[in-house]
>>> print(open('work_27.txt').read())   # compact mmCIF, C-alpha atoms
# COMPACT_ATOMS: atom_id res chain seq x y z
CA MET G 1 15.40 2.77 24.72
CA LEU G 2 12.50 4.80 23.44
CA GLU G 3 9.00 3.54 23.89
CA GLN G 4 5.76 4.36 22.14
CA LYS G 5 2.76 3.53 24.24
CA ARG G 6 -0.47 2.38 22.70
CA ALA G 7 -3.70 1.10 24.01
CA PRO G 8 -4.72 -2.52 23.47
CA LYS G 9 -7.28 -3.11 20.77
CA SER G 10 -10.86 -2.84 21.84
CA ARG G 11 -12.70 -6.07 21.23
CA GLY G 12 -16.07 -4.58 22.04
CA PHE G 13 -18.57 -6.51 24.13
CA TYR G 14 -22.00 -7.99 23.99
CA VAL G 15 -24.65 -9.30 26.31
CA ARG G 16 -26.03 -12.75 25.72
CA MET G 17 -29.30 -13.77 27.40
CA LYS G 18 -30.30 -17.41 27.32
CA LEU G 19 -34.00 -18.05 27.66
CA GLN G 20 -34.79 -20.99 29.85
CA SER G 21 -36.13 -24.04 28.11
CA SER G 22 -37.18 -27.47 29.10
CA LYS G 23 -34.65 -29.13 26.81
CA HIS G 24 -31.91 -27.99 29.14
CA GLY G 25 -33.64 -29.71 32.03
CA ARG G 26 -34.77 -26.51 33.73
CA PRO G 27 -38.26 -26.39 35.28
CA GLN G 28 -40.81 -24.27 33.51
CA GLU G 29 -42.96 -23.71 36.54
CA LYS G 30 -42.04 -20.10 37.28
CA SER G 31 -44.26 -17.46 38.73
CA SER G 32 -45.80 -14.78 36.55
CA PHE G 33 -43.85 -12.21 38.51
CA TYR G 34 -40.54 -13.90 37.61
CA THR G 35 -41.45 -14.01 33.91
CA TYR G 36 -42.53 -10.37 34.01
CA CYS G 37 -39.25 -9.27 35.61
CA LYS G 38 -37.24 -11.25 33.11
CA TRP G 39 -38.85 -9.54 30.10
CA VAL G 40 -38.68 -6.10 31.68
CA LEU G 41 -34.94 -6.62 32.17
CA TRP G 42 -34.52 -7.79 28.59
CA LEU G 43 -36.49 -4.82 27.24
CA SER G 44 -34.54 -2.36 29.39
CA LEU G 45 -31.19 -3.68 28.21
CA THR G 46 -32.33 -3.60 24.59
CA LEU G 47 -33.43 0.04 24.86
CA TYR G 48 -30.22 0.95 26.68
CA PHE G 49 -27.88 -0.45 24.04
CA PHE G 50 -30.00 0.86 21.19
CA SER G 51 -29.99 4.39 22.61
CA SER G 52 -26.24 4.15 23.24
CA TYR G 53 -25.73 3.18 19.63
CA LEU G 54 -27.77 6.15 18.40
CA ILE G 55 -25.87 8.57 20.60
CA SER G 56 -22.44 7.27 19.59
CA ASN G 57 -23.20 7.04 15.88
CA HIS G 58 -25.30 10.21 15.56
CA PRO G 59 -23.61 12.88 17.66
CA ASN G 60 -25.09 16.27 18.28
CA GLN G 61 -24.86 18.17 15.03
CA ASN G 62 -24.36 21.43 16.90
CA LYS G 63 -21.36 20.10 18.75
CA PRO G 64 -18.05 20.61 16.94
CA THR G 65 -16.44 17.36 15.84
CA THR G 66 -12.99 16.41 16.98
CA SER G 67 -10.30 16.51 14.30
CA LEU G 68 -7.89 13.64 13.75
CA SER G 69 -5.01 15.75 14.98
CA LYS G 70 -6.73 16.42 18.32
CA SER G 71 -8.15 12.99 18.95
CA HIS G 72 -7.41 11.49 22.32
CA PHE G 73 -7.64 7.91 21.07
CA SER G 74 -4.42 5.97 20.98
CA PRO G 75 -2.94 5.63 17.47
CA LEU G 76 -3.64 1.92 17.24
CA ALA G 77 -7.17 2.26 18.57
CA SER G 78 -7.95 4.99 16.04
CA ARG G 79 -6.39 2.89 13.30
CA ALA G 80 -8.41 -0.18 14.28
CA LEU G 81 -11.66 1.79 14.34
CA PHE G 82 -10.94 3.25 10.92
CA GLU G 83 -10.08 -0.16 9.42
CA SER G 84 -13.19 -1.72 10.94
CA ALA G 85 -15.45 1.05 9.70
CA ILE G 86 -14.25 0.65 6.13
CA GLU G 87 -14.06 -3.11 5.96
CA ASN G 88 -17.39 -3.83 7.62
CA THR G 89 -19.47 -1.45 5.58
CA THR G 90 -21.93 -3.07 3.21
CA ALA G 91 -23.13 0.09 1.53
CA VAL G 92 -22.36 0.51 -2.16
CA LEU G 93 -20.10 3.49 -2.83
CA GLU G 94 -21.83 6.34 -4.60
CA ASN G 95 -19.18 7.21 -7.18
CA LYS G 96 -21.04 9.32 -9.67
CA GLY G 97 -19.41 12.53 -8.49
CA LEU G 98 -15.98 11.08 -7.72
CA PHE G 99 -13.06 11.63 -10.08
CA LYS G 100 -15.38 13.54 -12.41
CA GLY G 101 -17.22 10.36 -13.34
CA LEU G 102 -14.06 8.69 -14.63
CA LYS G 103 -14.52 5.26 -16.22
CA VAL G 104 -11.96 2.57 -17.04
CA PHE G 105 -12.25 -0.26 -19.53
CA VAL G 106 -10.10 -3.32 -18.75
CA TYR G 107 -9.04 -5.42 -21.72
CA ASP G 108 -9.89 -9.11 -21.45
CA LEU G 109 -6.60 -10.54 -22.66
CA PRO G 110 -5.74 -14.21 -23.17
CA ALA G 111 -4.49 -15.97 -20.05
CA LYS G 112 -0.87 -16.05 -21.20
CA TYR G 113 -0.66 -12.32 -20.47
CA ASN G 114 -1.88 -12.51 -16.87
CA ALA G 115 -3.90 -15.41 -15.37
CA ASP G 116 -1.39 -18.12 -16.32
CA TRP G 117 1.29 -16.42 -14.22
CA LEU G 118 -0.87 -16.78 -11.11
CA SER G 119 -0.03 -20.47 -10.93
CA ASN G 120 2.86 -19.28 -8.78
CA ASP G 121 1.36 -17.87 -5.56
CA ARG G 122 4.23 -15.38 -5.22
CA CYS G 123 2.79 -13.51 -8.19
CA ARG G 124 0.04 -12.16 -5.91
CA THR G 125 2.18 -11.27 -2.91
CA HIS G 126 5.72 -10.24 -3.85
CA LEU G 127 6.89 -6.62 -3.89
CA PHE G 128 6.06 -6.20 -7.61
CA ALA G 129 2.49 -7.52 -7.23
CA SER G 130 0.80 -4.14 -7.67
CA GLU G 131 0.23 -5.13 -11.32
CA VAL G 132 -2.02 -7.93 -10.06
CA ALA G 133 -3.69 -5.95 -7.26
CA ILE G 134 -4.61 -2.98 -9.48
CA HIS G 135 -6.06 -5.31 -12.11
CA ARG G 136 -8.21 -7.12 -9.55
CA ALA G 137 -9.36 -3.93 -7.87
CA LEU G 138 -10.46 -2.37 -11.17
CA LEU G 139 -12.44 -5.47 -12.18
CA THR G 140 -14.63 -5.17 -9.07
CA SER G 141 -14.74 -1.38 -8.99
CA ASP G 142 -17.64 0.98 -9.61
CA PHE G 143 -15.28 2.84 -11.94
CA LEU G 144 -15.18 -0.10 -14.36
CA THR G 145 -17.15 0.11 -17.58
CA LEU G 146 -17.89 -2.85 -19.82
CA ASP G 147 -18.66 -0.49 -22.69
CA PRO G 148 -15.36 0.72 -24.18
CA SER G 149 -17.12 3.60 -25.93
CA GLN G 150 -17.83 5.05 -22.47
CA ALA G 151 -14.26 4.66 -21.19
CA ASP G 152 -11.89 7.48 -20.39
CA PHE G 153 -8.93 5.13 -19.96
CA PHE G 154 -8.03 1.62 -21.09
CA PHE G 155 -6.15 -0.64 -18.69
CA VAL G 156 -3.85 -3.26 -20.24
CA PRO G 157 -3.37 -6.12 -17.70
CA VAL G 158 -0.01 -7.68 -18.59
CA TYR G 159 1.88 -9.30 -15.71
CA VAL G 160 5.59 -8.99 -16.49
CA SER G 161 7.00 -9.43 -12.97
CA CYS G 162 5.88 -13.00 -12.24
CA ASN G 163 8.54 -14.99 -14.08
CA PHE G 164 10.36 -16.54 -11.10
CA SER G 165 12.73 -18.59 -13.20
CA THR G 166 16.04 -17.20 -11.96
CA VAL G 167 18.30 -19.10 -9.60
CA ASN G 168 18.14 -16.40 -6.90
CA GLY G 169 14.34 -16.45 -6.89
CA PHE G 170 13.92 -12.89 -8.13
CA PRO G 171 11.60 -12.32 -11.11
CA ALA G 172 13.17 -12.19 -14.55
CA ILE G 173 11.81 -9.46 -16.78
CA GLY G 174 13.77 -10.05 -19.97
CA HIS G 175 10.51 -11.08 -21.64
CA ALA G 176 8.63 -7.92 -20.62
CA ARG G 177 9.03 -5.83 -23.77
CA THR G 178 8.11 -8.70 -26.07
CA LEU G 179 5.06 -9.65 -24.00
CA ILE G 180 3.73 -6.09 -23.83
CA ALA G 181 4.37 -5.49 -27.53
CA SER G 182 2.43 -8.67 -28.31
CA ALA G 183 -0.50 -7.53 -26.14
CA ILE G 184 -0.60 -4.17 -27.90
CA GLN G 185 -0.61 -5.82 -31.31
CA LEU G 186 -3.50 -8.04 -30.20
CA ILE G 187 -5.45 -5.03 -28.95
CA ARG G 188 -4.88 -3.18 -32.23
CA THR G 189 -6.27 -6.08 -34.26
CA ARG G 190 -9.40 -6.45 -32.11
CA TYR G 191 -10.25 -2.88 -31.11
CA PRO G 192 -9.97 0.59 -32.69
CA PHE G 193 -9.09 2.42 -29.45
CA TRP G 194 -5.29 2.23 -29.48
CA ASP G 195 -4.81 3.58 -32.99
CA ARG G 196 -7.11 6.57 -32.55
CA THR G 197 -4.85 8.02 -29.83
CA GLN G 198 -1.61 6.05 -30.36
CA GLY G 199 -2.23 4.64 -26.90
CA SER G 200 -2.21 7.94 -25.01
CA ASP G 201 -5.29 6.95 -22.97
CA HIS G 202 -3.97 3.44 -22.26
CA VAL G 203 -2.56 2.52 -18.86
CA PHE G 204 0.17 -0.01 -18.01
CA VAL G 205 1.91 -1.09 -14.79
CA ALA G 206 5.71 -1.32 -14.51
CA SER G 207 6.32 -2.24 -10.90
CA HIS G 208 9.95 -3.33 -11.00
CA ASP G 209 13.34 -1.66 -10.46
CA PHE G 210 13.53 0.89 -13.27
CA GLY G 211 9.90 1.00 -14.30
CA SER G 212 9.06 1.49 -17.94
CA CYS G 213 12.63 0.72 -19.08
CA PHE G 214 12.02 -2.94 -18.10
CA HIS G 215 15.55 -3.72 -16.93
CA THR G 216 16.94 -4.52 -13.50
CA MET G 217 20.32 -2.84 -14.08
CA GLU G 218 20.31 0.92 -14.42
CA ASN G 219 23.04 1.19 -17.06
CA VAL G 220 21.13 -1.13 -19.41
CA ALA G 221 17.84 0.57 -18.55
CA ILE G 222 19.30 3.98 -19.41
CA ALA G 223 20.80 2.71 -22.66
CA ASP G 224 17.51 1.18 -23.87
CA GLY G 225 15.12 3.75 -22.38
CA VAL G 226 11.35 3.50 -22.65
CA PRO G 227 10.27 1.33 -25.61
CA ASP G 228 8.81 3.36 -28.46
CA PHE G 229 5.46 1.56 -28.33
CA LEU G 230 4.87 2.89 -24.77
CA LYS G 231 6.11 6.44 -25.05
CA LYS G 232 2.66 7.97 -25.52
CA SER G 233 0.90 5.87 -22.89
CA ILE G 234 0.50 6.23 -19.10
CA VAL G 235 2.71 4.03 -16.95
CA LEU G 236 2.12 3.34 -13.26
CA GLN G 237 5.62 2.65 -11.97
CA THR G 238 7.48 2.28 -8.70
CA PHE G 239 10.54 4.04 -10.08
CA GLY G 240 10.75 7.80 -9.79
CA VAL G 241 13.48 10.41 -9.34
CA LYS G 242 13.38 14.19 -9.19
CA HIS G 243 16.02 14.66 -11.86
CA LYS G 244 15.84 13.90 -15.56
CA HIS G 245 16.06 10.18 -16.24
CA PRO G 246 15.39 8.12 -19.39
CA CYS G 247 13.16 5.68 -17.48
CA GLN G 248 10.58 8.33 -16.70
CA GLU G 249 10.42 9.96 -20.10
CA VAL G 250 6.82 8.86 -20.39
CA GLU G 251 3.61 10.03 -18.75
CA ASN G 252 3.88 8.28 -15.40
CA VAL G 253 2.49 7.98 -11.90
CA VAL G 254 4.80 6.86 -9.09
CA ILE G 255 3.06 4.12 -7.13
CA PRO G 256 4.14 2.28 -3.96
CA PRO G 257 5.59 -1.24 -4.09
CA TYR G 258 3.18 -3.95 -3.04
CA VAL G 259 2.96 -4.92 0.61
CA SER G 260 0.26 -7.37 1.63
CA PRO G 261 -2.37 -5.64 3.80
CA GLU G 262 -3.09 -9.02 5.37
CA SER G 263 0.52 -9.39 6.50
CA VAL G 264 0.44 -5.88 7.98
CA ARG G 265 -2.78 -6.65 9.85
CA THR G 266 -1.39 -9.92 11.20
CA THR G 267 1.82 -8.25 12.35
CA LEU G 268 -0.10 -5.53 14.18
CA GLU G 269 -2.32 -8.09 15.86
CA ASN G 270 0.73 -10.02 17.10
CA ALA G 271 2.73 -6.96 18.13
CA PRO G 272 3.67 -6.48 21.81
CA ALA G 273 0.51 -5.59 23.73
CA ASP G 274 2.21 -2.67 25.48
CA GLY G 275 3.38 -1.13 22.20
CA ARG G 276 6.99 -1.30 23.30
CA ARG G 277 9.60 -0.45 20.65
CA ASP G 278 12.86 -1.80 21.98
CA ILE G 279 14.88 -1.43 18.75
CA PHE G 280 16.24 2.06 18.17
CA ALA G 281 17.36 1.73 14.52
CA PHE G 282 16.64 -1.30 12.33
CA PHE G 283 17.69 -2.70 8.98
CA ARG G 284 17.58 -6.22 7.60
CA GLY G 285 18.69 -6.91 4.05
CA LYS G 286 21.57 -7.17 1.64
CA MET G 287 24.70 -5.41 2.94
CA GLU G 288 27.78 -6.43 1.01
CA LEU G 289 31.06 -6.34 2.91
CA HIS G 290 33.04 -5.98 -0.31
CA PRO G 291 30.68 -4.76 -3.04
CA LYS G 292 31.57 -5.78 -6.57
CA ASN G 293 31.89 -3.39 -9.46
CA VAL G 294 29.08 -4.29 -11.84
CA SER G 295 29.37 -2.36 -15.10
CA GLY G 296 30.89 0.57 -13.28
CA ARG G 297 28.34 0.56 -10.47
CA TYR G 298 28.36 -0.69 -6.90
CA TYR G 299 25.31 -2.12 -5.20
CA SER G 300 23.51 0.58 -3.20
CA LYS G 301 26.33 2.96 -4.23
CA ARG G 302 28.11 1.38 -1.23
CA VAL G 303 25.64 3.07 1.14
CA ARG G 304 24.59 -0.20 2.78
CA THR G 305 28.22 -1.27 3.06
CA ASN G 306 29.07 1.97 4.82
CA ILE G 307 26.14 1.54 7.23
CA TRP G 308 27.36 -1.92 8.15
CA ARG G 309 30.98 -0.86 8.59
CA LYS G 310 30.08 2.15 10.70
CA PHE G 311 27.26 0.84 12.90
CA ASN G 312 27.62 -2.93 13.11
CA GLY G 313 28.35 -3.44 16.79
CA ASP G 314 26.71 -0.15 17.79
CA ARG G 315 24.12 -1.13 20.39
CA ARG G 316 21.68 1.46 19.06
CA PHE G 317 21.53 -0.31 15.68
CA TYR G 318 20.02 -3.72 14.96
CA LEU G 319 21.53 -4.67 11.58
CA GLN G 320 21.00 -8.08 9.98
CA ARG G 321 22.37 -9.27 6.63
CA SER G 322 20.41 -12.54 6.44
CA ARG G 323 16.82 -13.02 5.29
CA PHE G 324 14.05 -13.65 7.78
CA ALA G 325 10.44 -14.27 6.72
CA GLY G 326 9.08 -12.68 9.90
CA TYR G 327 11.06 -9.46 9.64
CA GLN G 328 7.89 -7.36 9.91
CA SER G 329 7.79 -8.41 13.57
CA GLU G 330 11.11 -6.56 13.91
CA ILE G 331 9.82 -3.46 12.15
CA VAL G 332 6.88 -3.16 14.53
CA ARG G 333 9.32 -3.19 17.45
CA SER G 334 11.55 -0.47 15.94
CA VAL G 335 11.60 3.30 16.31
CA PHE G 336 13.56 4.09 13.14
CA CYS G 337 13.68 1.87 10.03
CA LEU G 338 16.49 2.46 7.55
CA CYS G 339 15.36 2.56 3.91
CA PRO G 340 18.56 2.81 1.84
CA LEU G 341 18.60 2.42 -1.91
CA GLY G 342 19.50 -0.91 -3.52
CA TRP G 343 20.04 -1.07 -7.25
CA ALA G 344 17.01 1.19 -7.55
CA PRO G 345 16.18 4.04 -5.15
CA TRP G 346 12.82 2.69 -3.95
CA SER G 347 12.17 -0.11 -1.47
CA PRO G 348 9.17 -1.96 0.03
CA ARG G 349 10.56 -0.90 3.42
CA LEU G 350 9.05 2.54 2.76
CA VAL G 351 5.53 1.10 2.88
CA GLU G 352 6.17 -1.50 5.58
CA SER G 353 7.71 1.06 7.93
CA VAL G 354 4.82 3.49 7.65
CA ALA G 355 2.15 0.79 7.90
CA LEU G 356 3.79 -0.63 11.04
CA GLY G 357 4.45 2.68 12.76
CA CYS G 358 8.24 2.82 12.33
CA VAL G 359 9.76 6.11 11.16
CA PRO G 360 11.28 5.49 7.70
CA VAL G 361 14.78 6.89 7.27
CA ILE G 362 15.07 7.42 3.51
CA ILE G 363 18.62 7.22 2.15
CA ALA G 364 18.27 7.57 -1.63
CA ASP G 365 19.29 10.89 -3.13
CA GLY G 366 16.71 12.42 -5.47
CA ILE G 367 14.03 9.77 -4.98
CA ARG G 368 10.48 10.70 -6.02
CA LEU G 369 8.13 9.15 -3.48
CA PRO G 370 4.74 7.57 -4.26
CA PHE G 371 1.65 9.77 -4.19
CA ASP G 372 3.67 12.71 -2.81
CA ASP G 373 0.72 15.02 -3.42
CA VAL G 374 -1.34 13.04 -0.88
CA VAL G 375 1.13 11.37 1.50
CA PRO G 376 2.91 14.00 3.68
CA TRP G 377 6.33 12.38 3.43
CA ALA G 378 8.15 15.33 5.01
CA GLU G 379 6.01 14.93 8.13
CA ILE G 380 6.24 11.14 8.51
CA SER G 381 9.82 10.33 7.54
CA LEU G 382 13.44 11.43 7.68
CA THR G 383 15.64 11.99 4.65
CA VAL G 384 19.37 11.53 5.03
CA ALA G 385 21.81 12.26 2.21
CA GLU G 386 23.83 9.28 1.01
CA LYS G 387 27.06 11.09 1.90
CA ASP G 388 25.86 11.56 5.50
CA VAL G 389 25.23 7.92 6.44
CA GLY G 390 28.24 8.05 8.75
CA LYS G 391 26.36 10.61 10.84
CA LEU G 392 23.21 8.48 11.19
CA GLY G 393 23.68 7.88 14.89
CA ASN G 394 23.81 11.57 15.77
CA ILE G 395 20.98 12.44 13.36
CA LEU G 396 18.61 9.87 14.84
CA GLU G 397 19.53 10.80 18.42
CA HIS G 398 18.73 14.45 17.65
CA VAL G 399 15.33 13.59 16.17
CA ALA G 400 14.54 11.31 19.12
CA ALA G 401 15.24 14.18 21.49
CA THR G 402 13.21 16.78 19.55
CA ASN G 403 10.30 15.97 17.24
CA LEU G 404 10.00 12.18 17.26
CA SER G 405 6.57 12.16 18.94
CA ALA G 406 5.17 14.53 16.30
CA ILE G 407 6.43 12.31 13.48
CA GLN G 408 4.99 9.19 15.10
CA LYS G 409 1.63 10.89 15.55
CA ASN G 410 1.57 11.76 11.84
CA ILE G 411 2.46 8.21 10.85
CA TRP G 412 -0.48 6.79 12.79
CA ASP G 413 -3.00 8.85 10.84
CA PRO G 414 -4.83 5.89 9.20
CA ARG G 415 -5.20 7.79 5.94
CA VAL G 416 -1.44 7.66 5.42
CA SER G 417 -0.93 3.91 5.47
CA ARG G 418 -4.21 3.37 3.63
CA ALA G 419 -2.90 5.42 0.67
CA LEU G 420 0.11 3.10 0.37
CA LEU G 421 -1.64 -0.28 0.49
CA PHE G 422 -3.34 -2.07 -2.42
CA HIS G 423 -6.41 -4.24 -1.85
CA ASP G 424 -8.10 -6.79 -4.10
CA ARG G 425 -11.26 -4.69 -3.82
CA ILE G 426 -10.82 -0.94 -3.97
CA GLN G 427 -11.29 0.90 -0.68
CA PRO G 428 -11.77 4.65 -0.26
CA GLY G 429 -8.36 6.30 -0.03
CA ASP G 430 -6.28 3.18 -0.72
CA ALA G 431 -3.49 2.89 -3.30
CA THR G 432 -5.75 2.02 -6.25
CA TRP G 433 -8.00 4.89 -5.22
CA GLN G 434 -4.96 7.18 -5.44
CA VAL G 435 -4.20 5.81 -8.91
CA LEU G 436 -7.71 6.79 -10.03
CA SER G 437 -7.23 10.21 -8.48
CA ALA G 438 -4.03 10.62 -10.49
CA LEU G 439 -5.84 9.55 -13.65
CA GLU G 440 -8.51 12.17 -12.97
CA ASN G 441 -5.78 14.77 -13.42
CA LYS G 442 -5.02 13.28 -16.83
CA LEU G 443 -8.55 13.38 -18.24
CA ALA G 444 -7.29 15.71 -20.97
CA ARG G 445 -5.87 12.52 -22.52
CA SER G 446 -9.33 10.93 -22.63
CA TYR G 447 -10.52 10.64 -26.24
CA ARG G 448 -14.13 10.49 -25.05
CA ARG G 449 -13.87 13.71 -23.03
CA VAL G 450 -12.10 15.59 -25.80
CA SER G 451 -14.70 14.42 -28.34
CA ILE G 452 -17.58 15.55 -26.14
CA SER G 453 -16.06 18.95 -25.44
CA SER G 454 -15.44 19.57 -29.13
CA GLU G 455 -19.05 18.92 -30.12
>>> encode(input="work_27.txt", output="structure tokens")
Amino acid sequence: MLEQKRAPKSRGFYVRMKLQSSKHGRPQEKSSFYTYCKWVLWLSLTLYFFSSYLISNHPNQNKPTTSLSKSHFSPLASRALFESAIENTTAVLENKGLFKGLKVFVYDLPAKYNADWLSNDRCRTHLFASEVAIHRALLTSDFLTLDPSQADFFFVPVYVSCNFSTVNGFPAIGHARTLIASAIQLIRTRYPFWDRTQGSDHVFVASHDFGSCFHTMENVAIADGVPDFLKKSIVLQTFGVKHKHPCQEVENVVIPPYVSPESVRTTLENAPADGRRDIFAFFRGKMELHPKNVSGRYYSKRVRTNIWRKFNGDRRFYLQRSRFAGYQSEIVRSVFCLCPLGWAPWSPRLVESVALGCVPVIIADGIRLPFDDVVPWAEISLTVAEKDVGKLGNILEHVAATNLSAIQKNIWDPRVSRALLFHDRIQPGDATWQVLSALENKLARSYRRVSISSE
């Protein structure tokens, strides 16, 4: 089996000096020479560590810096240093020049549109939870404005993916259109901003299977299309394909599904210390042995069924059809992680694989991947046509023998996983940051900017 070596995380170190005191029962009668030596030692150590800090944090400006691609740090060590540097900083971000000074106003809607749904903890953590994470990040962001007259965009925080009332535990979204329409009507009665642009500078999140069509089955989604009241707005949605599709006939940004950054961090901390990846190809999830015809469609277009039939029993493949809460511990041990389509082309496995250092094998013809202008998907993943799943074994063996190490190196660039993870508080380069970057490119829809330029 293939192995990817990585260095153990550096825990750093410190020196602790305990001054002697009488309360510990130690005699205070020491010679002046002893006291003198003790303080000289303390002073010397202080100066040593202080000078070391200055040297390491303020390198010679004339010396060329080392690029990420040529760094000799192990991938995990570099990743840990990057995470620590961001998370431990206490400086306030200077955002005046970022995103051309973009500002977002967040509507304060009644609790029935958002906060009430949080009574179920899954609302914050399941794969559709980007609607919650983006809302929270904006509320604590320097890009927030409390003055709507100064806003370029208006965020409408309606949580439509938190109704866990179905028997199978998946969220029901049959109420989504009605709930959003109600929120828009409320906004129109309280504020003038929707009517002046017909909502073209208003932003919504549609983080479920077929995005702004608000249906879980594609045939129904296609038949209904995007509701008329949203067609002029901006929708942040997980669904995206490269071909024409009714569910993306709206101004949209393809965003990643939600994966908890805390769960990723915990999995990495508990991963094998030697970085061993003893699983060659991994998939855990729904794989029907005899897929049913549902309205003329088969689950996963039978791709998952074909994977099971072809490679179940192949020692190179670790395939599991049952659920397992700790499956991320299997991803972090795997070299290749299969990411086949389900009912929709996208999957949280895309994000989990990248964040945990497993090469995603994307099997979903025509999928449009999140933030593809920032994330170098061609350099960190493999794409296999649905019709070629029977050749997976040979394809993966060829990659393992040729350019696997280059792909793994690209995956461990910390900027890649950071762009795919949402945080409650926005972090430079993270998924909400990428959303703002995408909105910067849509400033022509800002009523405020157009009004200023026309004066």
>>> closest_atom_pairs(input="work_27.txt", of="range 287-352 of chain G", to="range 263-283 of chain G", cutoff="7 Å", atoms="all atoms listed in the file", output="Markdown table")
| residue | atom | partner | partner_atom | distance |
| --- | --- | --- | --- | --- |
| G:Arg316 | CA | G:Phe280 | CA | 5.5 |
| G:Phe317 | CA | G:Ala281 | CA | 4.8 |
| G:Tyr318 | CA | G:Phe282 | CA | 4.9 |
| G:Leu319 | CA | G:Phe283 | CA | 5.0 |
| G:Gln320 | CA | G:Phe283 | CA | 6.4 |
| G:Gln328 | CA | G:Thr267 | CA | 6.6 |
| G:Ser329 | CA | G:Thr267 | CA | 6.1 |
| G:Val332 | CA | G:Ala271 | CA | 6.7 |
| G:Arg333 | CA | G:Arg277 | CA | 4.2 |
| G:Ser334 | CA | G:Ile279 | CA | 4.5 |
| G:Val335 | CA | G:Phe280 | CA | 5.2 |
| G:Phe336 | CA | G:Ala281 | CA | 4.7 |
| G:Cys337 | CA | G:Phe282 | CA | 4.9 |
| G:Leu338 | CA | G:Phe283 | CA | 5.5 |
>>> atom_distance(input="work_27.txt", atom1="CA of Gly393 in chain G", atom2="CA of Asp314 in chain G")
9.1 Å
>>> residues_around(input="work_27.txt", residues="range 239-243 of chain G", least_positions_apart="2", cutoff="9 Å", atoms="only C-alpha atoms", output="NGL selection string")
:G and (206-212 or 237 or 245 or 247-248 or 252-255 or 344-346 or 365-370)
>>> write_last_selection(input="work_27.txt", atoms="C-alpha atoms", output="mmCIF file, in the coordinates of the input")
data_model
loop_
_atom_site.group_PDB
_atom_site.id
_atom_site.type_symbol
_atom_site.label_atom_id
_atom_site.label_comp_id
_atom_site.auth_asym_id
_atom_site.auth_seq_id
_atom_site.Cartn_x
_atom_site.Cartn_y
_atom_site.Cartn_z
ATOM 1 C CA ALA G 206 5.710 -1.320 -14.510
ATOM 2 C CA SER G 207 6.320 -2.240 -10.900
ATOM 3 C CA HIS G 208 9.950 -3.330 -11.000
ATOM 4 C CA ASP G 209 13.340 -1.660 -10.460
ATOM 5 C CA PHE G 210 13.530 0.890 -13.270
ATOM 6 C CA GLY G 211 9.900 1.000 -14.300
ATOM 7 C CA SER G 212 9.060 1.490 -17.940
ATOM 8 C CA GLN G 237 5.620 2.650 -11.970
ATOM 9 C CA HIS G 245 16.060 10.180 -16.240
ATOM 10 C CA CYS G 247 13.160 5.680 -17.480
ATOM 11 C CA GLN G 248 10.580 8.330 -16.700
ATOM 12 C CA ASN G 252 3.880 8.280 -15.400
ATOM 13 C CA VAL G 253 2.490 7.980 -11.900
ATOM 14 C CA VAL G 254 4.800 6.860 -9.090
ATOM 15 C CA ILE G 255 3.060 4.120 -7.130
ATOM 16 C CA ALA G 344 17.010 1.190 -7.550
ATOM 17 C CA PRO G 345 16.180 4.040 -5.150
ATOM 18 C CA TRP G 346 12.820 2.690 -3.950
ATOM 19 C CA ASP G 365 19.290 10.890 -3.130
ATOM 20 C CA GLY G 366 16.710 12.420 -5.470
ATOM 21 C CA ILE G 367 14.030 9.770 -4.980
ATOM 22 C CA ARG G 368 10.480 10.700 -6.020
ATOM 23 C CA LEU G 369 8.130 9.150 -3.480
ATOM 24 C CA PRO G 370 4.740 7.570 -4.260
#
>>> closest_residue(input="work_27.txt", among="G:Lys112, G:Arg445, G:His202, G:His290", to="Val303 in chain G", atoms="all atoms listed in the file")
G:His290
>>> closest_residue(input="work_27.txt", among="G:Gln185, G:Ser165, G:Ser200, G:Ser300", to="Ala444 in chain G", atoms="only C-alpha atoms")
G:Ser200
>>> atom_distance(input="work_27.txt", atom1="CA of Asp108 in chain G", atom2="CA of Ala431 in chain G")
22.7 Å
>>> atom_distance(input="work_27.txt", atom1="CA of Ile363 in chain G", atom2="CA of Leu396 in chain G")
13.0 Å
>>> residues_around(input="work_27.txt", residues="Thr432 in chain G", least_positions_apart="4", cutoff="7 Å", atoms="all atoms listed in the file", output="number ranges by chain")
G: 134, 422, 426, 436
>>> closest_residue(input="work_27.txt", among="G:Ser437, G:Asn293, G:Thr238, G:Gln427", to="Gly101 in chain G", atoms="all atoms listed in the file")
G:Ser437
>>> closest_residue(input="work_27.txt", among="G:Ala137, G:Val205, G:Leu350, G:Ala364", to="Glu386 in chain G", atoms="only C-alpha atoms")
G:Ala364
>>> axis_aligned_box(input="work_27.txt", around="range 407-421 of chain G", padding_each_side="5 Å", output="AutoDock Vina command-line options")
--center_x 0.6 --center_y 6.0 --center_z 8.0 --size_x 21.6 --size_y 22.6 --size_z 25.2
>>> closest_residue(input="work_27.txt", among="G:Arg425, G:Lys100, G:His126, G:Arg136", to="Asn114 in chain G", atoms="only C-alpha atoms")
G:Arg136
>>> residues_near_point(input="work_27.txt", point="(-12.7, 8.6, -13.9)", cutoff="9 Å", atoms="all atoms listed in the file", output="compact mmCIF listing (two decimals) with C-alpha atoms, in the coordinates of the input")
# COMPACT_ATOMS: atom_id res chain seq x y z
CA LEU G 98 -15.98 11.08 -7.72
CA PHE G 99 -13.06 11.63 -10.08
CA LYS G 100 -15.38 13.54 -12.41
CA GLY G 101 -17.22 10.36 -13.34
CA LEU G 102 -14.06 8.69 -14.63
CA LYS G 103 -14.52 5.26 -16.22
CA VAL G 104 -11.96 2.57 -17.04
CA PHE G 143 -15.28 2.84 -11.94
CA ALA G 151 -14.26 4.66 -21.19
CA ASP G 152 -11.89 7.48 -20.39
CA PHE G 153 -8.93 5.13 -19.96
CA LEU G 436 -7.71 6.79 -10.03
CA SER G 437 -7.23 10.21 -8.48
CA LEU G 439 -5.84 9.55 -13.65
CA GLU G 440 -8.51 12.17 -12.97
CA LEU G 443 -8.55 13.38 -18.24
